[in-house]
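As provided, run_7.pdb (PDB, C-alpha atoms) reads as follows.
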MODEL        1
ATOM      1  CA  MET C   1       3.644 -19.282  86.900
ATOM      2  CA  ASN C   2       5.264 -19.019  83.507
ATOM      3  CA  LEU C   3       4.838 -15.711  81.730
ATOM      4  CA  THR C   4       5.583 -14.595  78.235
ATOM      5  CA  VAL C   5       7.207 -11.612  76.613
ATOM      6  CA  PHE C   6       7.243 -10.903  72.915
ATOM      7  CA  GLY C   7      10.441  -9.832  71.249
ATOM      8  CA  ARG C   8      11.610  -9.249  67.710
ATOM      9  CA  GLY C   9      13.656 -11.661  65.711
ATOM     10  CA  PRO C  10      16.967 -10.842  64.025
ATOM     11  CA  THR C  11      15.165  -9.997  60.773
ATOM     12  CA  GLY C  12      12.866  -7.486  62.471
ATOM     13  CA  GLY C  13       9.901  -9.834  62.712
ATOM     14  CA  PRO C  14       8.402 -11.170  65.901
ATOM     15  CA  GLY C  15      10.802 -13.274  67.896
ATOM     16  CA  PRO C  16      10.193 -16.456  69.837
ATOM     17  CA  ILE C  17       8.126 -16.667  72.970
ATOM     18  CA  THR C  18      10.325 -16.715  76.024
ATOM     19  CA  PRO C  19       9.085 -18.240  79.303
ATOM     20  CA  ARG C  20       9.653 -15.901  82.198
ATOM     21  CA  VAL C  21       9.042 -15.746  85.884
ATOM     22  CA  LYS C  22       6.477 -13.274  87.100
ATOM     23  CA  LEU C  23       7.212  -9.806  85.720
ATOM     24  CA  ASN C  24       7.874  -7.078  88.246
ATOM     25  CA  GLY C  25       6.751  -3.487  87.874
ATOM     26  CA  LEU C  26       9.891  -2.351  86.070
ATOM     27  CA  GLU C  27       9.638  -5.187  83.553
ATOM     28  CA  ARG C  28       5.995  -4.401  82.874
ATOM     29  CA  LEU C  29       6.966  -0.770  82.356
ATOM     30  CA  GLY C  30       9.528  -1.895  79.799
ATOM     31  CA  LEU C  31       6.911  -4.066  78.100
ATOM     32  CA  ALA C  32       4.576  -1.072  77.940
ATOM     33  CA  ALA C  33       7.339   1.022  76.365
ATOM     34  CA  MET C  34       7.965  -1.725  73.820
ATOM     35  CA  THR C  35       4.229  -1.792  73.057
ATOM     36  CA  LEU C  36       4.264   1.933  72.329
ATOM     37  CA  LYS C  37       7.293   1.510  70.062
ATOM     38  CA  LEU C  38       5.752  -1.402  68.159
ATOM     39  CA  CYS C  39       2.483   0.465  67.638
ATOM     40  CA  ALA C  40       4.352   3.534  66.382
ATOM     41  CA  GLN C  41       6.284   1.339  63.952
ATOM     42  CA  LEU C  42       3.044  -0.223  62.739
ATOM     43  CA  TYR C  43       1.372   3.148  62.129
ATOM     44  CA  LEU C  44       4.441   4.435  60.313
ATOM     45  CA  ALA C  45       4.472   1.333  58.117
ATOM     46  CA  ILE C  46       0.777   1.912  57.336
ATOM     47  CA  LEU C  47       1.433   5.540  56.395
ATOM     48  CA  ILE C  48       4.222   4.635  53.953
ATOM     49  CA  GLY C  49       2.215   1.773  52.468
ATOM     50  CA  ARG C  50       4.222  -1.141  53.863
ATOM     51  CA  ALA C  51       1.386  -2.457  56.029
ATOM     52  CA  GLN C  52      -2.406  -2.511  55.990
ATOM     53  CA  PHE C  53      -4.686  -1.166  58.677
ATOM     54  CA  ASP C  54      -7.060  -3.755  60.118
ATOM     55  CA  LEU C  55     -10.352  -1.952  59.513
ATOM     56  CA  PRO C  56     -12.651  -4.747  60.791
ATOM     57  CA  ALA C  57     -10.719  -4.900  64.071
ATOM     58  CA  PHE C  58     -10.758  -1.093  64.276
ATOM     59  CA  ALA C  59     -14.538  -1.007  63.764
ATOM     60  CA  ALA C  60     -15.039  -3.667  66.427
ATOM     61  CA  ALA C  61     -12.785  -1.723  68.800
ATOM     62  CA  LEU C  62     -14.795   1.454  68.130
ATOM     63  CA  ARG C  63     -17.978  -0.305  69.189
ATOM     64  CA  GLN C  64     -16.294  -1.747  72.234
ATOM     65  CA  ALA C  65     -14.425   1.388  73.311
ATOM     66  CA  GLY C  66     -17.157   3.891  72.614
ATOM     67  CA  LEU C  67     -20.597   2.848  71.513
ATOM     68  CA  SER C  68     -21.026   0.320  74.307
ATOM     69  CA  VAL C  69     -19.955   2.973  76.826
ATOM     70  CA  LEU C  70     -22.178   5.727  75.416
ATOM     71  CA  PRO C  71     -25.416   4.871  77.275
ATOM     72  CA  ALA C  72     -23.650   4.614  80.635
ATOM     73  CA  LEU C  73     -21.693   7.814  80.009
ATOM     74  CA  SER C  74     -24.833   9.710  78.993
ATOM     75  CA  LEU C  75     -26.709   8.567  82.092
ATOM     76  CA  VAL C  76     -23.857   9.318  84.494
ATOM     77  CA  ALA C  77     -23.069  12.673  82.855
ATOM     78  CA  ALA C  78     -26.717  13.713  83.105
ATOM     79  CA  ALA C  79     -26.783  12.640  86.759
ATOM     80  CA  VAL C  80     -23.601  14.615  87.458
ATOM     81  CA  GLY C  81     -25.086  17.678  85.766
ATOM     82  CA  ILE C  82     -28.287  17.453  87.814
ATOM     83  CA  ILE C  83     -26.368  16.942  91.063
ATOM     84  CA  LEU C  84     -24.140  19.947  90.415
ATOM     85  CA  GLY C  85     -27.131  21.962  89.239
ATOM     86  CA  GLN C  86     -28.954  21.199  92.482
ATOM     87  CA  GLN C  87     -25.909  22.156  94.541
ATOM     88  CA  ALA C  88     -25.586  25.398  92.579
ATOM     89  CA  ALA C  89     -29.278  26.141  93.059
ATOM     90  CA  GLN C  90     -28.940  25.702  96.837
ATOM     91  CA  THR C  91     -25.858  27.915  96.900
ATOM     92  CA  LEU C  92     -27.634  30.601  94.863
ATOM     93  CA  GLY C  93     -30.336  30.557  97.510
ATOM     94  CA  TRP C  94     -27.735  31.723 100.034
ATOM     95  CA  VAL C  95     -25.506  33.869  97.815
ATOM     96  CA  ASN C  96     -27.142  35.662  94.887
ATOM     97  CA  LEU C  97     -24.004  35.734  92.736
ATOM     98  CA  PRO C  98     -24.686  33.407  89.807
ATOM     99  CA  GLU C  99     -21.343  33.939  88.060
ATOM    100  CA  LEU C 100     -19.421  33.196  91.247
ATOM    101  CA  VAL C 101     -21.277  29.897  91.610
ATOM    102  CA  LEU C 102     -21.489  28.820  87.984
ATOM    103  CA  VAL C 103     -17.884  29.427  86.907
ATOM    104  CA  PRO C 104     -16.249  26.801  89.156
ATOM    105  CA  ILE C 105     -19.015  24.282  88.418
ATOM    106  CA  ILE C 106     -18.579  24.627  84.657
ATOM    107  CA  TYR C 107     -14.797  24.331  84.997
ATOM    108  CA  ALA C 108     -15.103  21.253  87.200
ATOM    109  CA  VAL C 109     -17.507  19.524  84.802
ATOM    110  CA  VAL C 110     -15.554  20.163  81.603
ATOM    111  CA  VAL C 111     -11.935  20.026  82.752
ATOM    112  CA  GLU C 112     -12.025  17.582  85.668
ATOM    113  CA  LEU C 113     -15.101  15.382  86.048
ATOM    114  CA  THR C 114     -15.885  14.463  82.440
ATOM    115  CA  PRO C 115     -12.311  13.466  81.440
ATOM    116  CA  LEU C 116     -12.006  11.350  84.584
ATOM    117  CA  LEU C 117     -15.374   9.731  83.956
ATOM    118  CA  VAL C 118     -14.474   8.932  80.347
ATOM    119  CA  GLY C 119     -11.095   7.535  81.394
ATOM    120  CA  VAL C 120     -12.583   5.211  84.000
ATOM    121  CA  LEU C 121     -15.327   3.955  81.651
ATOM    122  CA  VAL C 122     -12.860   3.354  78.808
ATOM    123  CA  ALA C 123     -10.552   1.529  81.212
ATOM    124  CA  GLY C 124     -13.379  -0.645  82.499
ATOM    125  CA  ARG C 125     -14.655  -1.541  79.028
ATOM    126  CA  ALA C 126     -11.954  -1.287  76.377
ATOM    127  CA  GLY C 127      -8.928  -1.637  78.667
ATOM    128  CA  VAL C 128     -10.146  -4.755  80.414
ATOM    129  CA  ALA C 129     -11.290  -6.242  77.107
ATOM    130  CA  LEU C 130      -7.859  -5.652  75.549
ATOM    131  CA  ALA C 131      -6.075  -7.222  78.515
ATOM    132  CA  THR C 132      -8.442 -10.197  78.449
ATOM    133  CA  ARG C 133      -7.956 -10.742  74.735
ATOM    134  CA  GLN C 134      -4.177 -10.541  74.978
ATOM    135  CA  ALA C 135      -4.136 -12.851  77.991
ATOM    136  CA  SER C 136      -6.456 -15.323  76.231
ATOM    137  CA  LEU C 137      -4.094 -15.498  73.260
ATOM    138  CA  VAL C 138      -1.215 -16.232  75.615
ATOM    139  CA  SER C 139      -2.980 -18.799  77.787
ATOM    140  CA  SER C 140      -4.516 -20.672  74.851
ATOM    141  CA  GLY C 141      -1.271 -20.843  72.894
ATOM    142  CA  GLN C 142      -2.673 -18.908  69.917
ATOM    143  CA  ILE C 143       0.370 -16.660  70.176
ATOM    144  CA  ASP C 144       2.366 -19.444  68.526
ATOM    145  CA  GLY C 145       0.108 -19.325  65.478
ATOM    146  CA  LEU C 146       0.516 -15.566  65.165
ATOM    147  CA  LEU C 147       4.276 -15.854  65.367
ATOM    148  CA  VAL C 148       4.368 -18.629  62.764
ATOM    149  CA  SER C 149       2.262 -16.373  60.501
ATOM    150  CA  GLY C 150       4.798 -13.562  60.909
ATOM    151  CA  LEU C 151       2.496 -11.372  63.011
ATOM    152  CA  ASN C 152       3.644  -9.581  66.115
ATOM    153  CA  PRO C 153       1.114 -10.375  68.867
ATOM    154  CA  ILE C 154       1.224  -6.889  70.338
ATOM    155  CA  GLN C 155       0.704  -5.170  67.003
ATOM    156  CA  PHE C 156      -2.049  -7.660  66.175
ATOM    157  CA  THR C 157      -4.093  -6.874  69.274
ATOM    158  CA  THR C 158      -3.199  -3.317  70.269
ATOM    159  CA  GLY C 159      -2.546  -1.882  66.807
ATOM    160  CA  ALA C 160      -6.233  -1.487  65.950
ATOM    161  CA  VAL C 161      -7.511  -0.924  69.489
ATOM    162  CA  LEU C 162      -5.363   2.093  70.391
ATOM    163  CA  PRO C 163      -6.637   4.399  67.587
ATOM    164  CA  ALA C 164     -10.205   3.386  68.427
ATOM    165  CA  MET C 165      -9.670   4.217  72.091
ATOM    166  CA  LEU C 166      -8.187   7.609  71.150
ATOM    167  CA  ALA C 167     -11.033   8.475  68.781
ATOM    168  CA  MET C 168     -13.801   7.409  71.126
ATOM    169  CA  SER C 169     -12.193   9.021  74.189
ATOM    170  CA  PHE C 170     -12.186  12.341  72.336
ATOM    171  CA  ALA C 171     -15.769  11.945  71.141
ATOM    172  CA  LEU C 172     -17.039  10.745  74.521
ATOM    173  CA  THR C 173     -15.406  13.674  76.301
ATOM    174  CA  VAL C 174     -17.156  16.179  74.042
ATOM    175  CA  TRP C 175     -20.479  14.360  74.368
ATOM    176  CA  GLY C 176     -20.213  13.892  78.128
ATOM    177  CA  SER C 177     -19.412  17.575  78.678
ATOM    178  CA  LEU C 178     -22.387  18.650  76.564
ATOM    179  CA  VAL C 179     -24.757  16.288  78.381
ATOM    180  CA  ALA C 180     -23.551  17.307  81.850
ATOM    181  CA  LEU C 181     -23.650  21.028  81.087
ATOM    182  CA  GLY C 182     -27.040  20.716  79.406
ATOM    183  CA  ALA C 183     -28.488  18.852  82.384
ATOM    184  CA  ALA C 184     -27.062  21.427  84.807
ATOM    185  CA  LEU C 185     -28.391  24.324  82.737
ATOM    186  CA  LEU C 186     -31.846  22.779  82.475
ATOM    187  CA  TRP C 187     -31.975  22.086  86.203
ATOM    188  CA  LEU C 188     -30.828  25.599  87.095
ATOM    189  CA  ALA C 189     -33.311  27.169  84.685
ATOM    190  CA  VAL C 190     -36.188  25.215  86.230
ATOM    191  CA  VAL C 191     -35.193  25.260  89.920
ATOM    192  CA  ALA C 192     -33.203  28.484  90.353
ATOM    193  CA  ASP C 193     -34.589  30.545  87.443
ATOM    194  CA  VAL C 194     -31.077  31.221  86.136
ATOM    195  CA  PRO C 195     -31.372  32.967  82.748
ATOM    196  CA  LEU C 196     -29.512  31.551  79.776
ATOM    197  CA  TYR C 197     -27.336  34.617  79.259
ATOM    198  CA  LEU C 198     -25.849  34.261  82.770
ATOM    199  CA  PHE C 199     -24.930  30.660  82.052
ATOM    200  CA  GLN C 200     -23.352  31.688  78.754
ATOM    201  CA  GLU C 201     -21.341  34.413  80.457
ATOM    202  CA  ALA C 202     -20.160  32.008  83.140
ATOM    203  CA  LEU C 203     -19.181  29.522  80.427
ATOM    204  CA  ARG C 204     -17.091  32.170  78.703
ATOM    205  CA  GLN C 205     -15.346  33.105  81.942
ATOM    206  CA  ALA C 206     -14.781  29.540  83.124
ATOM    207  CA  LEU C 207     -13.100  28.144  80.026
ATOM    208  CA  ASP C 208     -10.334  29.600  77.896
ATOM    209  CA  PRO C 209      -8.615  27.832  74.967
ATOM    210  CA  LEU C 210      -5.964  26.305  77.239
ATOM    211  CA  ASP C 211      -8.638  24.846  79.498
ATOM    212  CA  LEU C 212     -10.381  23.271  76.515
ATOM    213  CA  LEU C 213      -7.062  21.899  75.271
ATOM    214  CA  GLU C 214      -6.426  20.356  78.686
ATOM    215  CA  ALA C 215      -9.927  18.895  78.843
ATOM    216  CA  LEU C 216      -9.517  17.224  75.449
ATOM    217  CA  SER C 217      -5.908  16.110  75.889
ATOM    218  CA  LYS C 218      -6.451  14.334  79.207
ATOM    219  CA  PRO C 219      -8.678  11.540  77.830
ATOM    220  CA  LEU C 220      -6.263  10.993  74.939
ATOM    221  CA  LEU C 221      -3.384  10.529  77.354
ATOM    222  CA  PHE C 222      -5.575   8.301  79.521
ATOM    223  CA  ALA C 223      -6.396   6.137  76.487
ATOM    224  CA  VAL C 224      -2.720   5.639  75.594
ATOM    225  CA  VAL C 225      -1.809   4.710  79.163
ATOM    226  CA  ILE C 226      -4.785   2.349  79.480
ATOM    227  CA  ALA C 227      -3.842   0.547  76.260
ATOM    228  CA  LEU C 228      -0.213   0.159  77.373
ATOM    229  CA  ILE C 229      -1.223  -1.137  80.813
ATOM    230  CA  ALA C 230      -3.730  -3.579  79.326
ATOM    231  CA  THR C 231      -1.236  -4.920  76.805
ATOM    232  CA  ALA C 232       1.512  -5.327  79.395
ATOM    233  CA  ASN C 233      -0.766  -7.124  81.856
ATOM    234  CA  GLY C 234      -2.316  -9.294  79.173
ATOM    235  CA  SER C 235       1.058 -10.256  77.721
ATOM    236  CA  ALA C 236       2.270 -11.225  81.182
ATOM    237  CA  ALA C 237      -0.688 -13.492  81.889
ATOM    238  CA  GLY C 238       1.207 -16.732  81.325
ATOM    239  CA  ARG C 239      -0.116 -20.115  80.193
ATOM    240  CA  ASP C 240      -2.382 -20.575  83.208
ATOM    241  CA  ALA C 241      -6.024 -19.801  82.391
ATOM    242  CA  SER C 242      -6.413 -18.077  85.760
ATOM    243  CA  GLY C 243      -4.021 -15.433  84.499
ATOM    244  CA  VAL C 244      -6.766 -14.056  82.241
ATOM    245  CA  GLY C 245      -8.879 -12.916  85.168
ATOM    246  CA  GLN C 246      -5.839 -11.650  87.013
ATOM    247  CA  ALA C 247      -4.802  -9.600  83.984
ATOM    248  CA  ALA C 248      -8.254  -7.993  83.827
ATOM    249  CA  THR C 249      -8.206  -7.153  87.546
ATOM    250  CA  ASP C 250      -4.669  -5.789  87.448
ATOM    251  CA  THR C 251      -5.522  -3.685  84.406
ATOM    252  CA  MET C 252      -8.530  -2.044  86.015
ATOM    253  CA  ILE C 253      -6.693  -1.238  89.247
ATOM    254  CA  ALA C 254      -3.568   0.023  87.505
ATOM    255  CA  ALA C 255      -5.521   2.034  84.928
ATOM    256  CA  VAL C 256      -7.667   3.866  87.482
ATOM    257  CA  THR C 257      -4.595   4.574  89.606
ATOM    258  CA  ALA C 258      -2.705   5.907  86.587
ATOM    259  CA  ILE C 259      -5.661   8.085  85.545
ATOM    260  CA  LEU C 260      -5.871   9.719  88.965
ATOM    261  CA  LEU C 261      -2.106  10.273  89.133
ATOM    262  CA  ILE C 262      -2.044  11.811  85.652
ATOM    263  CA  ASP C 263      -4.926  14.111  86.573
ATOM    264  CA  LEU C 264      -3.066  15.088  89.742
ATOM    265  CA  ALA C 265      -0.018  15.922  87.616
ATOM    266  CA  PHE C 266      -2.185  18.192  85.472
ATOM    267  CA  VAL C 267      -3.548  19.920  88.583
ATOM    268  CA  LEU C 268      -0.069  20.489  90.008
ATOM    269  CA  ALA C 269       1.499  21.505  86.692
ATOM    270  CA  PRO C 270       2.947  25.039  86.580
ATOM    271  CA  TRP C 271       0.632  26.065  83.733
ATOM    272  CA  SER C 272      -2.500  24.924  85.568
TER     273      SER C 272
ENDMDL
END
Starting from the coordinates I provided, produce the structure as structure tokens.
Amino acid sequence: MNLTVFGRGPTGGPGPITPRVKLNGLERLGLAAMTLKLCAQLYLAILIGRAQFDLPAFAAALRQAGLSVLPALSLVAAAVGIILGQQAAQTLGWVNLPELVLVPIIYAVVVELTPLLVGVLVAGRAGVALATRQASLVSSGQIDGLLVSGLNPIQFTTGAVLPAMLAMSFALTVWGSLVALGAALLWLAVVADVPLYLFQEALRQALDPLDLLEALSKPLLFAVVIALIATANGSAAGRDASGVGQAATDTMIAAVTAILLIDLAFVLAPWS
């Protein structure tokens, strides 16, 4: 199957499309690194006034990366909060030490579960959509039109999507944590008669500024990695239409794997 990589011409513009054999993992990693470089160049050019930001594409990416995920995230976060609240209520029935029970639950919800949940949902919605769009441009030959117009295909597709994924990942993490903690608090107040001040005290003990920084930085890192994986897989889809579906599948598998490995790195980090 012929695949395509996008280079830069001698004048700095997008170069020709080069047929390639199937890209291996190292080549896809290089393509992801090139994607990050091209996006950084685009944002720098926007800041100094040499390029324009595609606001319509950014708005569409915001809806795709965040608003379409919001109902599912709210439902799952509420379910997670109720499940953990029920487990905490059962534990409090055996051990009457609310702070001992609530502190690890609050930490797990805010620092571990919610960022992972947001990362997986963003990968399944925005990441797969980005890979599919990039692969569709390649398989349909529309890449040629972009190149003739002087547009870099990677900057055209990923340039507006990456900031949207970053913004919505941050917002969804905050919202998901609030929903999960609120559901857990409500369940504990009704089932286990846990007073509000005990929950507030446990919240203060469970999370310090570094924990909050970790909880908010994880989804941002997930979003960057998801966008790079999606772009690399979509760009390597080739001219065969079946490559579009393969790019979507590869993106989901690789993104979830990367999210779990990154979270493991955070857990094993010396500062953790």
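Minimum atom-to-atom distances from C:Gln142, C:Gln205, C:Asn152, C:Gln41 to Ile105 in chain C were compared using all atoms listed in the file, and the lowest value belongs to C:Gln205.
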Any chance you could work out the residue set of the PyMOL selection byres ((chain C and resi 34) around 12) here, as a PDB file with C-alpha atoms, keeping the file's coordinate frame?
ATOM      1  CA  VAL C   5       7.207 -11.612  76.613  1.00  0.00           C
ATOM      2  CA  PHE C   6       7.243 -10.903  72.915  1.00  0.00           C
ATOM      3  CA  GLY C   7      10.441  -9.832  71.249  1.00  0.00           C
ATOM      4  CA  ARG C   8      11.610  -9.249  67.710  1.00  0.00           C
ATOM      5  CA  GLU C  27       9.638  -5.187  83.553  1.00  0.00           C
ATOM      6  CA  ARG C  28       5.995  -4.401  82.874  1.00  0.00           C
ATOM      7  CA  LEU C  29       6.966  -0.770  82.356  1.00  0.00           C
ATOM      8  CA  GLY C  30       9.528  -1.895  79.799  1.00  0.00           C
ATOM      9  CA  LEU C  31       6.911  -4.066  78.100  1.00  0.00           C
ATOM     10  CA  ALA C  32       4.576  -1.072  77.940  1.00  0.00           C
ATOM     11  CA  ALA C  33       7.339   1.022  76.365  1.00  0.00           C
ATOM     12  CA  THR C  35       4.229  -1.792  73.057  1.00  0.00           C
ATOM     13  CA  LEU C  36       4.264   1.933  72.329  1.00  0.00           C
ATOM     14  CA  LYS C  37       7.293   1.510  70.062  1.00  0.00           C
ATOM     15  CA  LEU C  38       5.752  -1.402  68.159  1.00  0.00           C
ATOM     16  CA  CYS C  39       2.483   0.465  67.638  1.00  0.00           C
ATOM     17  CA  ALA C  40       4.352   3.534  66.382  1.00  0.00           C
ATOM     18  CA  GLN C  41       6.284   1.339  63.952  1.00  0.00           C
ATOM     19  CA  ASN C 152       3.644  -9.581  66.115  1.00  0.00           C
ATOM     20  CA  ILE C 154       1.224  -6.889  70.338  1.00  0.00           C
ATOM     21  CA  GLN C 155       0.704  -5.170  67.003  1.00  0.00           C
ATOM     22  CA  THR C 158      -3.199  -3.317  70.269  1.00  0.00           C
ATOM     23  CA  LEU C 228      -0.213   0.159  77.373  1.00  0.00           C
ATOM     24  CA  ILE C 229      -1.223  -1.137  80.813  1.00  0.00           C
ATOM     25  CA  THR C 231      -1.236  -4.920  76.805  1.00  0.00           C
ATOM     26  CA  ALA C 232       1.512  -5.327  79.395  1.00  0.00           C
ATOM     27  CA  SER C 235       1.058 -10.256  77.721  1.00  0.00           C
TER      28      SER C 235
END
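When the PyMOL selection byres ((chain C and resi 219) around 8) is evaluated against the file, it yields Pro115, Leu116, Val118, Gly119, Leu166, Ser169, Phe170, Thr173, Ala215, Leu216, Ser217, Lys218, Leu220, Leu221, Phe222 and Ala223 of chain C.
For the residues C:Val128, C:Ala206, C:Val148, C:Ala184, ranking by smallest atom-to-atom distance to Val111 in chain C using all atoms listed in the file places C:Ala206 first.
When all atoms listed in the file are used to compute distances to Leu130 in chain C, the closest of the residues C:Ala160, C:Val190, C:Leu67, C:Leu42 turns out to be C:Ala160.
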Near range 76-79 of chain C, 10 Å: range 52-72 of chain C residue rows, closest pairs, all atoms listed in the file, as a Markdown table:
| residue | atom | partner | partner_atom | distance |
| --- | --- | --- | --- | --- |
| C:Leu70 | CA | C:Val76 | CA | 9.9 |
| C:Pro71 | CA | C:Val76 | CA | 8.6 |
| C:Ala72 | CA | C:Val76 | CA | 6.1 |
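Considering the residues C:Val179, C:Ala164, C:Leu84, C:Leu212 and counting all atoms listed in the file, Ala59 in chain C has its shortest atom-to-atom contact with C:Ala164.
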Among C:Ala258, C:Gly81, C:Ala248, C:Asp144, Ala108 in chain C is approached most closely, using all atoms listed in the file, by C:Gly81
Missing atoms of range 177-196 of chain C rebuilt to N, CA, C and O atoms, written as a PDB file, in the coordinates of the input:
ATOM      1  N   SER C 177     -19.396  16.181  78.214  1.00  0.00           N
ATOM      2  CA  SER C 177     -19.412  17.575  78.678  1.00  0.00           C
ATOM      3  C   SER C 177     -20.710  18.256  78.270  1.00  0.00           C
ATOM      4  O   SER C 177     -21.322  18.992  79.067  1.00  0.00           O
ATOM      5  N   LEU C 178     -21.146  18.027  77.035  1.00  0.00           N
ATOM      6  CA  LEU C 178     -22.387  18.650  76.564  1.00  0.00           C
ATOM      7  C   LEU C 178     -23.593  18.149  77.359  1.00  0.00           C
ATOM      8  O   LEU C 178     -24.477  18.933  77.730  1.00  0.00           O
ATOM      9  N   VAL C 179     -23.632  16.849  77.626  1.00  0.00           N
ATOM     10  CA  VAL C 179     -24.757  16.288  78.381  1.00  0.00           C
ATOM     11  C   VAL C 179     -24.767  16.826  79.806  1.00  0.00           C
ATOM     12  O   VAL C 179     -25.825  17.240  80.324  1.00  0.00           O
ATOM     13  N   ALA C 180     -23.618  16.839  80.459  1.00  0.00           N
ATOM     14  CA  ALA C 180     -23.551  17.307  81.850  1.00  0.00           C
ATOM     15  C   ALA C 180     -23.904  18.786  81.944  1.00  0.00           C
ATOM     16  O   ALA C 180     -24.685  19.193  82.829  1.00  0.00           O
ATOM     17  N   LEU C 181     -23.343  19.599  81.058  1.00  0.00           N
ATOM     18  CA  LEU C 181     -23.650  21.028  81.087  1.00  0.00           C
ATOM     19  C   LEU C 181     -25.106  21.285  80.730  1.00  0.00           C
ATOM     20  O   LEU C 181     -25.764  22.154  81.330  1.00  0.00           O
ATOM     21  N   GLY C 182     -25.640  20.544  79.772  1.00  0.00           N
ATOM     22  CA  GLY C 182     -27.040  20.716  79.406  1.00  0.00           C
ATOM     23  C   GLY C 182     -27.971  20.347  80.544  1.00  0.00           C
ATOM     24  O   GLY C 182     -28.961  21.050  80.802  1.00  0.00           O
ATOM     25  N   ALA C 183     -27.656  19.249  81.248  1.00  0.00           N
ATOM     26  CA  ALA C 183     -28.488  18.852  82.384  1.00  0.00           C
ATOM     27  C   ALA C 183     -28.422  19.883  83.502  1.00  0.00           C
ATOM     28  O   ALA C 183     -29.443  20.221  84.121  1.00  0.00           O
ATOM     29  N   ALA C 184     -27.211  20.408  83.763  1.00  0.00           N
ATOM     30  CA  ALA C 184     -27.062  21.427  84.807  1.00  0.00           C
ATOM     31  C   ALA C 184     -27.811  22.702  84.441  1.00  0.00           C
ATOM     32  O   ALA C 184     -28.483  23.316  85.292  1.00  0.00           O
ATOM     33  N   LEU C 185     -27.696  23.113  83.182  1.00  0.00           N
ATOM     34  CA  LEU C 185     -28.391  24.324  82.737  1.00  0.00           C
ATOM     35  C   LEU C 185     -29.898  24.155  82.846  1.00  0.00           C
ATOM     36  O   LEU C 185     -30.602  25.055  83.327  1.00  0.00           O
ATOM     37  N   LEU C 186     -30.400  23.014  82.411  1.00  0.00           N
ATOM     38  CA  LEU C 186     -31.846  22.779  82.475  1.00  0.00           C
ATOM     39  C   LEU C 186     -32.332  22.770  83.915  1.00  0.00           C
ATOM     40  O   LEU C 186     -33.382  23.360  84.239  1.00  0.00           O
ATOM     41  N   TRP C 187     -31.577  22.138  84.796  1.00  0.00           N
ATOM     42  CA  TRP C 187     -31.975  22.086  86.203  1.00  0.00           C
ATOM     43  C   TRP C 187     -31.961  23.477  86.832  1.00  0.00           C
ATOM     44  O   TRP C 187     -32.877  23.846  87.577  1.00  0.00           O
ATOM     45  N   LEU C 188     -30.911  24.250  86.534  1.00  0.00           N
ATOM     46  CA  LEU C 188     -30.828  25.599  87.095  1.00  0.00           C
ATOM     47  C   LEU C 188     -31.919  26.507  86.545  1.00  0.00           C
ATOM     48  O   LEU C 188     -32.451  27.358  87.267  1.00  0.00           O
ATOM     49  N   ALA C 189     -32.258  26.341  85.271  1.00  0.00           N
ATOM     50  CA  ALA C 189     -33.311  27.169  84.685  1.00  0.00           C
ATOM     51  C   ALA C 189     -34.664  26.866  85.316  1.00  0.00           C
ATOM     52  O   ALA C 189     -35.494  27.770  85.505  1.00  0.00           O
ATOM     53  N   VAL C 190     -34.893  25.605  85.665  1.00  0.00           N
ATOM     54  CA  VAL C 190     -36.188  25.215  86.230  1.00  0.00           C
ATOM     55  C   VAL C 190     -36.262  25.506  87.720  1.00  0.00           C
ATOM     56  O   VAL C 190     -37.251  26.047  88.224  1.00  0.00           O
ATOM     57  N   VAL C 191     -35.172  25.171  88.454  1.00  0.00           N
ATOM     58  CA  VAL C 191     -35.193  25.260  89.920  1.00  0.00           C
ATOM     59  C   VAL C 191     -34.810  26.647  90.415  1.00  0.00           C
ATOM     60  O   VAL C 191     -35.441  27.197  91.324  1.00  0.00           O
ATOM     61  N   ALA C 192     -33.730  27.214  89.830  1.00  0.00           N
ATOM     62  CA  ALA C 192     -33.203  28.484  90.353  1.00  0.00           C
ATOM     63  C   ALA C 192     -33.513  29.673  89.461  1.00  0.00           C
ATOM     64  O   ALA C 192     -33.082  30.787  89.769  1.00  0.00           O
ATOM     65  N   ASP C 193     -34.233  29.463  88.379  1.00  0.00           N
ATOM     66  CA  ASP C 193     -34.589  30.545  87.443  1.00  0.00           C
ATOM     67  C   ASP C 193     -33.359  31.315  86.959  1.00  0.00           C
ATOM     68  O   ASP C 193     -33.366  32.545  86.861  1.00  0.00           O
ATOM     69  N   VAL C 194     -32.290  30.591  86.659  1.00  0.00           N
ATOM     70  CA  VAL C 194     -31.077  31.221  86.136  1.00  0.00           C
ATOM     71  C   VAL C 194     -31.275  31.467  84.645  1.00  0.00           C
ATOM     72  O   VAL C 194     -31.506  30.514  83.886  1.00  0.00           O
ATOM     73  N   PRO C 195     -31.179  32.703  84.177  1.00  0.00           N
ATOM     74  CA  PRO C 195     -31.372  32.967  82.748  1.00  0.00           C
ATOM     75  C   PRO C 195     -30.211  32.418  81.917  1.00  0.00           C
ATOM     76  O   PRO C 195     -29.092  32.242  82.404  1.00  0.00           O
ATOM     77  N   LEU C 196     -30.493  32.154  80.663  1.00  0.00           N
ATOM     78  CA  LEU C 196     -29.512  31.551  79.776  1.00  0.00           C
ATOM     79  C   LEU C 196     -28.287  32.434  79.592  1.00  0.00           C
ATOM     80  O   LEU C 196     -27.157  31.931  79.530  1.00  0.00           O
TER      81      LEU C 196
END
